[in-house]
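A short write-up of the structure that comes next.
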Amino acid sequence: MKPVTEQSHYRRIARVVEAIVANPAAAHSVDSLAAVACLSPYHFHRIYHALTGERLAETVQRLRLTQAAHQLNDAGETVTAAALDAGYDSPQAFARAFRGFTGLSPSGFRARQAGLAQRPGCGADLVPPQASLPDAVELVELAPLDLWCLRHQGPVGTIGVTYRRLSQALGSGFPPPRPPVGVCIHDPGTAAGFHYFAGMAAAGPIAPGGMVSAVPVEGGLYARYRLVGPWALIAPTFRVLFSGWLPRSGFERDDRPALEFYHPSSRRGRDCVTDLLVPVRRR
């Protein structure tokens, strides 16, 4: 596929994901979303799967349940409201889908998030990286990293496409041979205020092309939480770490980027393991 054509297709797929996010409860279909992409249903279905690596129905369910996870972070939201807003006819159907997606019931997920928000700070002691405690926030010293990165453009729901494009640009195939690293830059001086880079550690001299660039990541002190569950839970969990755990921790946010370390695994979905790293400094 020519680069210009691929870019056009990527923008079309991004519009489709934005349409689903804007109204996840709608009765989305191949025909209706093909119209959003300005493609025939046949070509849309083929291109969508080639670029995203998943079927359209999988994307719709993932985005519906991602929205529900964000709602369940809020104590004032009921499970029934989250279910209806996500397009499910009953709390029971929603609970089955949510458990199949995350490995937790909606109430179990809510309890885990609330427990993370209320967990006391780490204190001054560093927890060795090899002593990974389940459902614990640990302090780790991270060495500097050199990454090859591709800046993500478009809705968060298409970040996976950016990783596939990065792997393709580096000639490493997909899934990549080295664990991906997400770089989350919060810039309050810009209108958007947030930038995401799909990254991969450099294993030697690589001649990147196009939009791929070398990005050095400063080391230092990070609070690390090991998330077991689908990647769609990363954003809701970061939200709890920043708004719930951090104010109680005795630390404050540093201006380095937050990081996502994806552990290699042959499994997907609720069996994924991702280390979420929040840059911190002592108050």
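Residue numbering restarts at 1 in every chain; chains get A, B, ... in the order shown in the structure tokens, and ligands count up from 1 in that same order.
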
Quiz item: Hey, what's within 12 Å of A:Pro247 if we count only C-alpha atoms and toss same-chain stuff fewer than 3 positions away? As a ChimeraX atom specification, please?
Solution: /A:117-121,240-244,250-253,280,282-283

Prev. selection, C-alpha atoms, output as a PDB file, in the first residue's frame:
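Listed below is the output, out17.pdb:
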```pdb
ATOM      1  CA  ALA A 117      -7.310   5.498  45.078  1.00  0.00           C
ATOM      2  CA  GLN A 118      -7.396   5.004  48.847  1.00  0.00           C
ATOM      3  CA  ARG A 119      -4.118   3.099  49.125  1.00  0.00           C
ATOM      4  CA  PRO A 120      -1.609   4.930  51.355  1.00  0.00           C
ATOM      5  CA  GLY A 121       1.635   6.280  49.973  1.00  0.00           C
ATOM      6  CA  VAL A 240      -7.177   6.968  39.514  1.00  0.00           C
ATOM      7  CA  LEU A 241      -3.412   7.018  40.070  1.00  0.00           C
ATOM      8  CA  PHE A 242      -3.165  10.747  39.369  1.00  0.00           C
ATOM      9  CA  SER A 243      -6.389  11.930  41.008  1.00  0.00           C
ATOM     10  CA  GLY A 244      -6.719   9.405  43.844  1.00  0.00           C
ATOM     11  CA  GLY A 250       3.382  12.100  50.023  1.00  0.00           C
ATOM     12  CA  PHE A 251       4.744  12.714  46.516  1.00  0.00           C
ATOM     13  CA  GLU A 252       3.878  15.101  43.711  1.00  0.00           C
ATOM     14  CA  ARG A 253       3.922  14.750  39.963  1.00  0.00           C
ATOM     15  CA  VAL A 280       7.073  11.581  40.992  1.00  0.00           C
ATOM     16  CA  ARG A 282       9.145  14.061  47.043  1.00  0.00           C
ATOM     17  CA  ARG A 283       7.229  17.061  48.313  1.00  0.00           C
TER      18      ARG A 283
END
```

Quiz item: Could you name the residues that touch stretch 93-96 of chain A at 10 Å or less, counting only C-alpha atoms, but leaving out those on the same chain fewer than 5 positions away, as a ChimeraX atom specification?
Solution: /A:65,68,79-80,82-84,86-88,101,103-107

Quiz item: Given the choices A:Asn73, A:Ser90, A:Gln153, A:Thr274, which gets closest to A:Ile13 if the distance is worked out from only C-alpha atoms?
Solution: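 Of A:Asn73, A:Ser90, A:Gln153, A:Thr274, the one nearest A:Ile13 is A:Gln153, counting only C-alpha atoms.
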
Quiz item: Quick one: residues within 10 Å of A:Leu277, only C-alpha atoms counted, chain neighbours fewer than 6 positions away excluded, as a ChimeraX atom specification?
Solution: /A:137-140,142,183-184,221-226,238,241,257-261

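Proximity of A:Thr102, A:Ser29, A:Ser40, A:Asn23 to A:Ile234, computed with only C-alpha atoms, is greatest for A:Thr102.
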
Quiz prompt | Shell around A:Thr59 at 12 Å using only C-alpha atoms, local window under 2 positions removed, as number ranges by chain | solution = A: 13-14, 16-21, 24, 28-30, 33, 48-49, 52-57, 61-66, 101, 157-158, 160, 232

Would you please give, as an mmCIF file with N, CA and C atoms, in the first residue's frame, all residues of stretch 140-171 of chain A that DSSP assigns to strand (DSSP E or B) based on the backbone?
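Done, and the output landed in result.cif:
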```cif
data_model
loop_
_atom_site.group_PDB
_atom_site.id
_atom_site.type_symbol
_atom_site.label_atom_id
_atom_site.label_comp_id
_atom_site.auth_asym_id
_atom_site.auth_seq_id
_atom_site.Cartn_x
_atom_site.Cartn_y
_atom_site.Cartn_z
ATOM 1 N N VAL A 140 10.114 2.939 41.996
ATOM 2 C CA VAL A 140 11.243 2.366 41.264
ATOM 3 C C VAL A 140 12.091 3.492 40.690
ATOM 4 N N GLU A 141 13.388 3.229 40.602
ATOM 5 C CA GLU A 141 14.308 4.137 39.916
ATOM 6 C C GLU A 141 14.512 3.610 38.503
ATOM 7 N N LEU A 142 14.147 4.411 37.527
ATOM 8 C CA LEU A 142 14.235 3.997 36.135
ATOM 9 C C LEU A 142 15.471 4.595 35.495
ATOM 10 N N LEU A 145 16.186 5.920 28.967
ATOM 11 C CA LEU A 145 15.846 5.074 27.834
ATOM 12 C C LEU A 145 16.052 5.829 26.534
ATOM 13 N N ASP A 146 16.454 5.096 25.517
ATOM 14 C CA ASP A 146 16.490 5.639 24.162
ATOM 15 C C ASP A 146 15.451 4.878 23.352
ATOM 16 N N LEU A 147 14.475 5.594 22.823
ATOM 17 C CA LEU A 147 13.367 4.975 22.104
ATOM 18 C C LEU A 147 13.266 5.511 20.688
ATOM 19 N N TRP A 148 12.766 4.648 19.786
ATOM 20 C CA TRP A 148 12.268 5.111 18.509
ATOM 21 C C TRP A 148 10.769 5.279 18.656
ATOM 22 N N CYS A 149 10.265 6.449 18.301
ATOM 23 C CA CYS A 149 8.865 6.766 18.582
ATOM 24 C C CYS A 149 8.135 7.281 17.343
ATOM 25 N N LEU A 150 6.840 7.023 17.370
ATOM 26 C CA LEU A 150 5.927 7.568 16.369
ATOM 27 C C LEU A 150 4.808 8.263 17.126
ATOM 28 N N ARG A 151 4.629 9.544 16.853
ATOM 29 C CA ARG A 151 3.595 10.291 17.552
ATOM 30 C C ARG A 151 2.213 9.838 17.104
#
```

Quiz item: So which one's closest to A:Asp74, A:Thr162, A:Pro236, A:Gln92, A:His45? Using only C-alpha atoms, please.
Solution: A:Pro236

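Pairwise distance (atom CA of A:Ala35, atom CA of A:Leu51) equals 17.6 Å.
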
Identify, on the basis of only C-alpha atoms, every residue whose closest approach to A:His195 does not exceed 7 Å; exclude the query and any residue fewer than 2 positions from it along the same chain; express the result as a short mmCIF file (atom, residue, chain, number, x, y, z; two decimals) with N, CA and C atoms, in the first residue's frame.
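Heads up, here's the output in part-v1.cif:
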```cif
data_model
loop_
_atom_site.label_atom_id
_atom_site.label_comp_id
_atom_site.auth_asym_id
_atom_site.auth_seq_id
_atom_site.Cartn_x
_atom_site.Cartn_y
_atom_site.Cartn_z
N CYS A 184 3.65 9.24 27.51
CA CYS A 184 2.50 10.13 27.68
C CYS A 184 3.01 11.48 28.19
N ILE A 185 2.97 12.48 27.34
CA ILE A 185 3.50 13.80 27.68
C ILE A 185 2.35 14.75 27.95
N HIS A 186 2.35 15.28 29.16
CA HIS A 186 1.34 16.27 29.54
C HIS A 186 1.96 17.65 29.41
N PHE A 197 3.15 9.08 22.39
CA PHE A 197 4.10 8.54 21.45
C PHE A 197 4.17 7.03 21.64
#
```

Quiz item: Where in stretch 43-192 of chain A does DSSP assign helix (DSSP H, G or I), given as a ChimeraX atom specification?
Solution: /A:43-52,56-72,79-85,91-102,106-118,156-169

Practice problem: To one decimal in Å, tell me the separation between atom CA of A:His70 and atom CA of A:Ala114. | Solution: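 Computing it gives 12.5 Å between the two atoms.
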
Quiz item: Any idea what the distance is between atom CA of A:His152 and atom CA of A:Ala202?
Solution: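 Interatomic distance here is 18.6 Å.
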